[in-house]
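Asks: Below is a structure I'd like to ask you about.
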Amino acid sequence: MRRKPAWLAAFSLCALGLFSNPADALTTEGFLAICKQAERKCEDIPIIQAYVGGALDLVATLHEATDYVDTIYCKDPKVLFDVSAIIRFVEENQAGYEDENAMLLVIRFLETHGGC
């Protein structure tokens with residue numbers, strides 16, 4: 001049986017979040033609840049890594065190939081797109097974002113550390 005590429009799983013997860021009812025979006029509180037249930041660091045949980053990776057893939061596509069979003073980062077994605085650092089950022093900056101879509105903190109990370 002042939003395995004599906006990792007990017008396909010991440011893209012599917014991201015697309016599911018985008019096209020779901022907003023009430024079903026993964027909130028920061030839900031994101032962190034997944035972390036609390038695991039017996040390891042949040043940055044080591046595959047579903048959390050896939051969520052952040054999918055978010056980054058979508059943002060990079062919008063950033064590079066469309067005019068849908070303003071420039072939110074200027075650094076090279078190979079340097080900036082550190083999934084572990086982004087997950088730690090979400091954990092450390094959750095205050096005020098608990099009921100918001102967890103992707104907002106991914107965007108906030110890019111705006112804060114993106115070098116523009």
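Please note that chains go A, B, ... in the order of the structure tokens, that every chain numbers its residues from 1, and that ligands are numbered from 1 in the order shown.
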Can you list, as a PyMOL selection string, every protein, DNA or RNA residue that comes within 12 Å of Ile48 of chain A when you count only C-alpha atoms, leaving out same-chain residues fewer than 5 positions away?
Replies: chain A and resi 10+13-14+26+28+30-36+38+40-43+53-55+83-84+86-88+90-91+102-103+106
Asks: Find the residues near Lys75 of chain A: any atom within 12 Å, counting only C-alpha atoms, skip ones fewer than 2 places away on the same chain, and give them as a list in words.
Replies: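 Using only C-alpha atoms, the neighbours found are Ala60, Thr71, Ile72, Tyr73, Pro77, Lys78, Val79, Leu80, Phe81, Asp82, Leu110, Glu111, Thr112, His113, Gly114, Gly115 and Cys116 of chain A.
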Asks: So, with only C-alpha atoms as the atoms that count, which of A:Ile47, A:Ala95, A:Ala65, A:Ile107 lies closest to Glu29 of chain A?
Replies: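 Selected residue with least distance to Glu29 of chain A: A:Ala95.
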Asks: Nearest residue to Gln94 of chain A out of A:Thr27, A:Thr61, A:Gln49, A:Thr66, using only C-alpha atoms?
Replies: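 With only C-alpha atoms as the atom set, the closest residue is A:Thr27.
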Asks: Step one, run DSSP on the backbone; step two, keep only residues of chain A assigned to alpha helix (DSSP H); then write them as a PyMOL selection string.
Replies: chain A and resi 6-19+28-37+46-65+77-80+83-92+103-113
Asks: Could you check how far atom CA of Asn101 of chain A sits from atom CA of Val52 of chain A, in Å to one decimal?
Replies: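 Here the two named atoms are 12.2 Å from each other.
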Asks: Kindly give the distance, in Å, that separates atom CA of Phe89 of chain A and atom CA of Leu105 of chain A, rounded to a single decimal.
Replies: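 These two atoms are separated by 7.7 Å.
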Asks: Calculate how many Å separate atom CA of Asp76 of chain A from atom CA of Glu64 of chain A, rounding to one decimal.
Replies: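 The value is 11.6 Å.
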